[in-house]
file data-v7.cif (mmCIF, C-alpha atoms; chains and numbers go by the auth columns)
data_entry
#
loop_
_atom_site.group_PDB
_atom_site.id
_atom_site.type_symbol
_atom_site.label_atom_id
_atom_site.label_comp_id
_atom_site.label_asym_id
_atom_site.label_seq_id
_atom_site.Cartn_x
_atom_site.Cartn_y
_atom_site.Cartn_z
_atom_site.B_iso_or_equiv
_atom_site.auth_seq_id
_atom_site.auth_asym_id
ATOM 1 C CA MET A 1 -6.771 25.665 5.379 0.00 1 A
ATOM 2 C CA PRO A 2 -6.654 22.552 7.593 0.00 2 A
ATOM 3 C CA ALA A 3 -3.316 20.934 8.294 0.00 3 A
ATOM 4 C CA ARG A 4 -2.537 17.648 6.594 0.00 4 A
ATOM 5 C CA TYR A 5 -0.272 14.857 7.812 0.00 5 A
ATOM 6 C CA ARG A 6 0.951 12.124 5.544 0.00 6 A
ATOM 7 C CA ASP A 7 2.595 8.846 6.453 0.00 7 A
ATOM 8 C CA THR A 8 5.070 7.373 3.983 0.00 8 A
ATOM 9 C CA PRO A 9 4.738 3.915 2.408 0.00 9 A
ATOM 10 C CA ALA A 10 8.013 3.030 4.117 0.00 10 A
ATOM 11 C CA ALA A 11 6.225 2.857 7.481 0.00 11 A
ATOM 12 C CA ALA A 12 4.019 -0.024 6.358 0.00 12 A
ATOM 13 C CA ASP A 13 6.934 -1.722 4.620 0.00 13 A
ATOM 14 C CA ALA A 14 9.081 -1.395 7.744 0.00 14 A
ATOM 15 C CA ALA A 15 6.831 -3.967 9.412 0.00 15 A
ATOM 16 C CA SER A 16 8.880 -6.641 7.702 0.00 16 A
ATOM 17 C CA ARG A 17 11.906 -5.569 9.779 0.00 17 A
ATOM 18 C CA VAL A 18 10.541 -4.044 13.017 0.00 18 A
ATOM 19 C CA ALA A 19 7.888 -5.374 15.435 0.00 19 A
ATOM 20 C CA ALA A 20 6.596 -1.966 16.601 0.00 20 A
ATOM 21 C CA LEU A 21 7.133 1.744 16.018 0.00 21 A
ATOM 22 C CA SER A 22 5.707 4.990 17.350 0.00 22 A
ATOM 23 C CA PHE A 23 6.386 8.646 16.729 0.00 23 A
ATOM 24 C CA GLN A 24 4.968 12.096 17.332 0.00 24 A
ATOM 25 C CA ILE A 25 5.283 15.185 15.167 0.00 25 A
ATOM 26 C CA SER A 26 4.567 18.744 16.208 0.00 26 A
ATOM 27 C CA ALA A 27 3.541 21.739 14.140 0.00 27 A
ATOM 28 C CA GLY A 28 3.333 24.800 16.343 0.00 28 A
ATOM 29 C CA SER A 29 0.913 24.059 19.178 0.00 29 A
ATOM 30 C CA ARG A 30 -0.494 20.969 17.440 0.00 30 A
ATOM 31 C CA SER A 31 0.864 17.470 17.383 0.00 31 A
ATOM 32 C CA ALA A 32 0.001 14.192 15.706 0.00 32 A
ATOM 33 C CA ARG A 33 0.887 10.707 16.914 0.00 33 A
ATOM 34 C CA MET A 34 1.118 7.396 15.120 0.00 34 A
ATOM 35 C CA CYS A 35 2.143 3.975 16.319 0.00 35 A
ATOM 36 C CA TRP A 36 1.879 0.524 14.868 0.00 36 A
ATOM 37 C CA ARG A 37 2.681 -2.983 15.995 0.00 37 A
ATOM 38 C CA LEU A 38 2.524 -6.417 14.507 0.00 38 A
ATOM 39 C CA GLY A 39 -0.247 -8.619 15.865 0.00 39 A
ATOM 40 C CA SER A 40 -0.185 -12.375 15.387 0.00 40 A
ATOM 41 C CA LEU A 41 -1.473 -12.113 11.801 0.00 41 A
ATOM 42 C CA SER A 42 -1.950 -8.393 11.309 0.00 42 A
ATOM 43 C CA VAL A 43 -0.539 -4.922 11.666 0.00 43 A
ATOM 44 C CA VAL A 44 -2.374 -2.642 14.121 0.00 44 A
ATOM 45 C CA VAL A 45 -2.126 1.132 13.588 0.00 45 A
ATOM 46 C CA ASP A 46 -3.195 3.777 16.116 0.00 46 A
ATOM 47 C CA VAL A 47 -3.389 7.368 14.864 0.00 47 A
ATOM 48 C CA VAL A 48 -4.190 10.600 16.716 0.00 48 A
ATOM 49 C CA VAL A 49 -5.005 13.467 14.349 0.00 49 A
ATOM 50 C CA PRO A 50 -5.186 17.014 15.782 0.00 50 A
ATOM 51 C CA ALA A 51 -8.254 19.221 15.455 0.00 51 A
ATOM 52 C CA ASN A 52 -8.933 20.671 12.000 0.00 52 A
ATOM 53 C CA ALA A 53 -6.482 18.289 10.323 0.00 53 A
ATOM 54 C CA THR A 54 -6.603 15.146 8.210 0.00 54 A
ATOM 55 C CA ALA A 55 -4.240 12.204 7.917 0.00 55 A
ATOM 56 C CA GLU A 56 -3.654 9.834 5.035 0.00 56 A
ATOM 57 C CA VAL A 57 -3.556 6.221 6.247 0.00 57 A
ATOM 58 C CA ARG A 58 -1.767 3.505 4.288 0.00 58 A
ATOM 59 C CA LEU A 59 -2.284 -0.082 5.352 0.00 59 A
ATOM 60 C CA PRO A 60 -0.732 -3.147 3.726 0.00 60 A
ATOM 61 C CA GLY A 61 -2.811 -4.426 0.829 0.00 61 A
ATOM 62 C CA LEU A 62 -5.313 -1.532 0.872 0.00 62 A
ATOM 63 C CA ASP A 63 -5.633 1.734 -1.000 0.00 63 A
ATOM 64 C CA PRO A 64 -4.686 4.838 1.036 0.00 64 A
ATOM 65 C CA PHE A 65 -7.589 6.624 2.724 0.00 65 A
ATOM 66 C CA GLU A 66 -8.065 9.812 4.720 0.00 66 A
ATOM 67 C CA VAL A 67 -9.300 10.273 8.294 0.00 67 A
ATOM 68 C CA GLY A 68 -10.203 13.414 10.189 0.00 68 A
ATOM 69 C CA SER A 69 -9.475 14.696 13.683 0.00 69 A
ATOM 70 C CA GLY A 70 -9.512 12.288 16.612 0.00 70 A
ATOM 71 C CA ALA A 71 -8.117 8.960 17.734 0.00 71 A
ATOM 72 C CA HIS A 72 -8.383 6.054 15.285 0.00 72 A
ATOM 73 C CA ARG A 73 -7.369 2.378 15.329 0.00 73 A
ATOM 74 C CA PHE A 74 -6.991 0.266 12.194 0.00 74 A
ATOM 75 C CA GLU A 75 -6.041 -3.344 11.701 0.00 75 A
ATOM 76 C CA SER A 76 -5.004 -4.946 8.435 0.00 76 A
ATOM 77 C CA GLN A 77 -3.893 -8.468 7.711 0.00 77 A
ATOM 78 C CA TYR A 78 -0.207 -8.218 6.922 0.00 78 A
ATOM 79 C CA PRO A 79 0.385 -9.373 3.300 0.00 79 A
ATOM 80 C CA ARG A 80 3.190 -11.785 4.135 0.00 80 A
ATOM 81 C CA PHE A 81 0.661 -13.911 6.074 0.00 81 A
ATOM 82 C CA ARG A 82 -1.870 -13.955 3.213 0.00 82 A
ATOM 83 C CA GLU A 83 0.368 -15.232 0.464 0.00 83 A
ATOM 84 C CA ALA A 84 1.651 -18.753 0.112 0.00 84 A
ATOM 85 C CA ALA A 85 5.325 -18.952 -0.790 0.00 85 A
ATOM 86 C CA GLY A 86 5.775 -18.406 -4.502 0.00 86 A
ATOM 87 C CA SER A 87 2.223 -17.198 -5.182 0.00 87 A
ATOM 88 C CA LEU A 88 1.734 -13.979 -7.112 0.00 88 A
ATOM 89 C CA SER A 89 -0.935 -11.337 -6.596 0.00 89 A
ATOM 90 C CA VAL A 90 -1.390 -7.576 -6.746 0.00 90 A
ATOM 91 C CA ARG A 91 0.192 -7.608 -3.256 0.00 91 A
ATOM 92 C CA SER A 92 3.436 -9.100 -4.620 0.00 92 A
ATOM 93 C CA THR A 93 6.486 -6.864 -4.679 0.00 93 A
ATOM 94 C CA LEU A 94 7.427 -5.319 -7.988 0.00 94 A
ATOM 95 C CA ALA A 95 10.833 -7.017 -7.711 0.00 95 A
ATOM 96 C CA ASP A 96 9.153 -10.452 -7.481 0.00 96 A
ATOM 97 C CA LEU A 97 6.907 -9.676 -10.454 0.00 97 A
ATOM 98 C CA VAL A 98 9.592 -8.310 -12.780 0.00 98 A
ATOM 99 C CA ASP A 99 11.504 -11.596 -12.478 0.00 99 A
ATOM 100 C CA ARG A 100 8.516 -13.425 -14.010 0.00 100 A
ATOM 101 C CA PRO A 101 8.007 -12.500 -17.705 0.00 101 A
ATOM 102 C CA ALA A 102 4.507 -14.024 -17.692 0.00 102 A
ATOM 103 C CA ALA A 103 3.552 -11.774 -14.763 0.00 103 A
ATOM 104 C CA VAL A 104 4.852 -8.662 -16.533 0.00 104 A
ATOM 105 C CA ALA A 105 2.930 -9.674 -19.677 0.00 105 A
ATOM 106 C CA ALA A 106 -0.277 -10.159 -17.647 0.00 106 A
ATOM 107 C CA ILE A 107 0.147 -6.741 -16.023 0.00 107 A
ATOM 108 C CA ARG A 108 0.755 -5.116 -19.413 0.00 108 A
ATOM 109 C CA GLU A 109 -2.296 -6.816 -20.988 0.00 109 A
ATOM 110 C CA GLU A 110 -4.687 -5.998 -18.149 0.00 110 A
ATOM 111 C CA LEU A 111 -3.566 -2.374 -17.869 0.00 111 A
ATOM 112 C CA ALA A 112 -3.685 -1.924 -21.665 0.00 112 A
ATOM 113 C CA GLY A 113 -7.224 -3.347 -21.619 0.00 113 A
ATOM 114 C CA PHE A 114 -8.116 -0.674 -19.077 0.00 114 A
ATOM 115 C CA SER A 115 -6.264 2.101 -20.967 0.00 115 A
ATOM 116 C CA ALA A 116 -3.396 1.844 -23.442 0.00 116 A
ATOM 117 C CA GLY A 117 -2.116 5.260 -22.341 0.00 117 A
ATOM 118 C CA TYR A 118 -2.214 4.246 -18.689 0.00 118 A
ATOM 119 C CA ALA A 119 -0.265 1.052 -19.456 0.00 119 A
ATOM 120 C CA ASP A 120 2.393 3.005 -21.373 0.00 120 A
ATOM 121 C CA GLY A 121 2.760 5.522 -18.540 0.00 121 A
ATOM 122 C CA PHE A 122 2.846 2.788 -15.904 0.00 122 A
ATOM 123 C CA PHE A 123 5.708 0.948 -17.581 0.00 123 A
ATOM 124 C CA ALA A 124 7.576 4.205 -18.265 0.00 124 A
ATOM 125 C CA ARG A 125 7.460 5.466 -14.656 0.00 125 A
ATOM 126 C CA THR A 126 7.517 2.310 -12.508 0.00 126 A
ATOM 127 C CA ALA A 127 10.700 1.341 -10.661 0.00 127 A
ATOM 128 C CA TRP A 128 10.483 -2.421 -10.133 0.00 128 A
ATOM 129 C CA THR A 129 11.870 -2.474 -6.597 0.00 129 A
ATOM 130 C CA ASP A 130 11.604 -4.841 -3.655 0.00 130 A
ATOM 131 C CA GLY A 131 10.140 -2.331 -1.203 0.00 131 A
ATOM 132 C CA CYS A 132 7.004 -1.617 -3.233 0.00 132 A
ATOM 133 C CA ARG A 133 3.967 -3.797 -3.939 0.00 133 A
ATOM 134 C CA LEU A 134 2.018 -3.669 -7.189 0.00 134 A
ATOM 135 C CA THR A 135 -1.122 -2.514 -5.379 0.00 135 A
ATOM 136 C CA ASP A 136 0.812 0.537 -4.091 0.00 136 A
ATOM 137 C CA VAL A 137 1.390 1.869 -7.625 0.00 137 A
ATOM 138 C CA LEU A 138 -1.930 1.120 -9.353 0.00 138 A
ATOM 139 C CA PHE A 139 -3.160 4.711 -9.030 0.00 139 A
ATOM 140 C CA GLY A 140 -6.617 5.230 -10.516 0.00 140 A
ATOM 141 C CA VAL A 141 -7.090 1.592 -11.543 0.00 141 A
ATOM 142 C CA PRO A 142 -10.699 0.555 -10.793 0.00 142 A
ATOM 143 C CA PRO A 143 -11.384 -2.336 -8.401 0.00 143 A
ATOM 144 C CA HIS A 144 -12.693 -4.648 -11.140 0.00 144 A
ATOM 145 C CA VAL A 145 -9.440 -4.240 -13.123 0.00 145 A
ATOM 146 C CA ARG A 146 -7.384 -4.887 -9.972 0.00 146 A
ATOM 147 C CA ALA A 147 -9.461 -8.015 -9.270 0.00 147 A
ATOM 148 C CA ARG A 148 -8.971 -9.316 -12.817 0.00 148 A
ATOM 149 C CA LEU A 149 -5.234 -8.634 -12.592 0.00 149 A
ATOM 150 C CA ASP A 150 -5.085 -10.413 -9.224 0.00 150 A
ATOM 151 C CA GLU A 151 -6.792 -13.470 -10.780 0.00 151 A
ATOM 152 C CA ARG A 152 -4.366 -13.492 -13.705 0.00 152 A
ATOM 153 C CA LEU A 153 -1.333 -13.280 -11.434 0.00 153 A
ATOM 154 C CA SER A 154 -2.554 -15.965 -9.033 0.00 154 A
ATOM 155 C CA ALA A 155 -3.082 -18.330 -11.985 0.00 155 A
ATOM 156 C CA LEU A 156 0.609 -18.143 -12.971 0.00 156 A
#
call {"tool": "encode", "arguments": {"input": "data-v7.cif", "output": "structure tokens"}}
result
Amino acid sequence: MPARYRDTPAAADAASRVAALSFQISAGSRSARMCWRLGSLSVVVDVVVPANATAEVRLPGLDPFEVGSGAHRFESQYPRFREAAGSLSVRSTLADLVDRPAAVAAIREELAGFSAGYADGFFARTAWTDGCRLTDVLFGVPPHVRARLDERLSAL
């Protein structure tokens, strides 16, 4: 079975406190490397995945995706540069959203429209913390539902 490396969401969130970071992990004779740095309006991530392995990549504002062996470079606009002060979106932190009852109601309505069971589970399991963005916890929610939710939040 191929090896699998997984970055944690904390690495992307750390960009708000650190300008650059790199690290290397080793598993036997194989090693993987990852580094990221803040560009002027983006975060740049370089990943080296060893042979016969995959890595899960998490970039701000995007769903996680997997890459195979080799050297990869990714760039993503950092969410803090995309949002005007006070605006809400699916990229807003859960802590910012929970302080706005209208935002919580919009999230509940849109998720219930997608699936009542999903909405119930979402509200039962979600910790409304500052280090996590709404888009990071919308597992299995289709793009059209995310887009509708984003429109609702930005209208508040």
call {"tool": "closest_residue", "arguments": {"input": "data-v7.cif", "among": "A:Met34, A:Ala112, A:Val145, A:Ala71", "to": "Arg58 in chain A", "atoms": "only C-alpha atoms"}}
result
A:Met34
call {"tool": "closest_residue", "arguments": {"input": "data-v7.cif", "among": "A:Pro101, A:Gly113, A:Pro50, A:Pro64", "to": "Phe139 in chain A", "atoms": "only C-alpha atoms"}}
result
A:Pro64
call {"tool": "closest_residue", "arguments": {"input": "data-v7.cif", "among": "A:Ser76, A:Ser42, A:Ser29, A:Ser89", "to": "Leu156 in chain A", "atoms": "all atoms listed in the file"}}
result
A:Ser89
call {"tool": "atom_distance", "arguments": {"input": "data-v7.cif", "atom1": "CA of Leu97 in chain A", "atom2": "CA of Thr135 in chain A"}}
result
11.9 Å
call {"tool": "closest_residue", "arguments": {"input": "data-v7.cif", "among": "A:Arg37, A:His72, A:Arg108, A:Arg146", "to": "Glu56 in chain A", "atoms": "all atoms listed in the file"}}
result
A:His72
call {"tool": "build_atoms", "arguments": {"input": "data-v7.cif", "residues": "range 107-137 of chain A", "atoms": "N, CA and C atoms", "output": "compact mmCIF listing (two decimals), in the coordinates of the input"}}
result
# COMPACT_ATOMS: atom_id res chain seq x y z
N ILE A 107 0.35 -8.12 -16.48
CA ILE A 107 0.15 -6.74 -16.02
C ILE A 107 -0.03 -5.82 -17.22
N ARG A 108 0.84 -5.96 -18.22
CA ARG A 108 0.76 -5.12 -19.41
C ARG A 108 -0.60 -5.30 -20.12
N GLU A 109 -1.03 -6.54 -20.29
CA GLU A 109 -2.30 -6.82 -20.99
C GLU A 109 -3.50 -6.26 -20.23
N GLU A 110 -3.53 -6.48 -18.92
CA GLU A 110 -4.69 -6.00 -18.15
C GLU A 110 -4.73 -4.47 -18.10
N LEU A 111 -3.58 -3.84 -17.91
CA LEU A 111 -3.57 -2.37 -17.87
C LEU A 111 -3.87 -1.78 -19.24
N ALA A 112 -3.38 -2.41 -20.31
CA ALA A 112 -3.68 -1.92 -21.66
C ALA A 112 -5.17 -2.09 -21.97
N GLY A 113 -5.78 -3.16 -21.45
CA GLY A 113 -7.22 -3.35 -21.62
C GLY A 113 -8.02 -2.26 -20.92
N PHE A 114 -7.50 -1.78 -19.81
CA PHE A 114 -8.12 -0.67 -19.08
C PHE A 114 -7.88 0.63 -19.83
N SER A 115 -6.62 0.89 -20.22
CA SER A 115 -6.26 2.10 -20.97
C SER A 115 -4.85 1.94 -21.51
N ALA A 116 -4.72 1.99 -22.82
CA ALA A 116 -3.40 1.84 -23.44
C ALA A 116 -2.45 2.93 -22.95
N GLY A 117 -2.94 4.15 -22.82
CA GLY A 117 -2.12 5.26 -22.34
C GLY A 117 -1.67 5.05 -20.90
N TYR A 118 -2.57 4.53 -20.07
CA TYR A 118 -2.21 4.25 -18.69
C TYR A 118 -1.11 3.20 -18.64
N ALA A 119 -1.26 2.13 -19.43
CA ALA A 119 -0.26 1.05 -19.46
C ALA A 119 1.10 1.59 -19.88
N ASP A 120 1.12 2.42 -20.92
CA ASP A 120 2.39 3.00 -21.37
C ASP A 120 3.04 3.84 -20.27
N GLY A 121 2.24 4.68 -19.62
CA GLY A 121 2.76 5.52 -18.54
C GLY A 121 3.23 4.70 -17.35
N PHE A 122 2.48 3.66 -17.02
CA PHE A 122 2.85 2.79 -15.90
C PHE A 122 4.22 2.17 -16.12
N PHE A 123 4.43 1.60 -17.31
CA PHE A 123 5.71 0.95 -17.58
C PHE A 123 6.85 1.95 -17.75
N ALA A 124 6.53 3.18 -18.12
CA ALA A 124 7.58 4.20 -18.26
C ALA A 124 8.03 4.74 -16.91
N ARG A 125 7.12 4.81 -15.92
CA ARG A 125 7.46 5.47 -14.66
C ARG A 125 7.74 4.51 -13.50
N THR A 126 7.43 3.24 -13.64
CA THR A 126 7.52 2.31 -12.51
C THR A 126 8.94 1.80 -12.30
N ALA A 127 9.41 1.92 -11.06
CA ALA A 127 10.70 1.34 -10.66
C ALA A 127 10.38 0.00 -10.00
N TRP A 128 10.84 -1.06 -10.57
CA TRP A 128 10.48 -2.42 -10.13
C TRP A 128 11.35 -2.82 -8.95
N THR A 129 11.04 -2.28 -7.78
CA THR A 129 11.87 -2.47 -6.60
C THR A 129 11.24 -3.44 -5.60
N ASP A 130 12.05 -3.88 -4.65
CA ASP A 130 11.60 -4.84 -3.66
C ASP A 130 10.72 -4.22 -2.59
N GLY A 131 10.88 -2.96 -2.29
CA GLY A 131 10.14 -2.33 -1.20
C GLY A 131 8.75 -1.87 -1.56
N CYS A 132 8.29 -2.13 -2.77
CA CYS A 132 7.00 -1.62 -3.23
C CYS A 132 6.16 -2.75 -3.80
N ARG A 133 4.89 -2.78 -3.43
CA ARG A 133 3.97 -3.80 -3.94
C ARG A 133 3.18 -3.23 -5.12
N LEU A 134 2.76 -4.10 -6.00
CA LEU A 134 2.02 -3.67 -7.19
C LEU A 134 0.81 -2.84 -6.80
N THR A 135 0.07 -3.25 -5.79
CA THR A 135 -1.12 -2.51 -5.38
C THR A 135 -0.81 -1.07 -4.96
N ASP A 136 0.43 -0.81 -4.51
CA ASP A 136 0.81 0.54 -4.09
C ASP A 136 0.98 1.50 -5.26
N VAL A 137 1.12 0.99 -6.48
CA VAL A 137 1.39 1.87 -7.62
C VAL A 137 0.30 1.81 -8.69
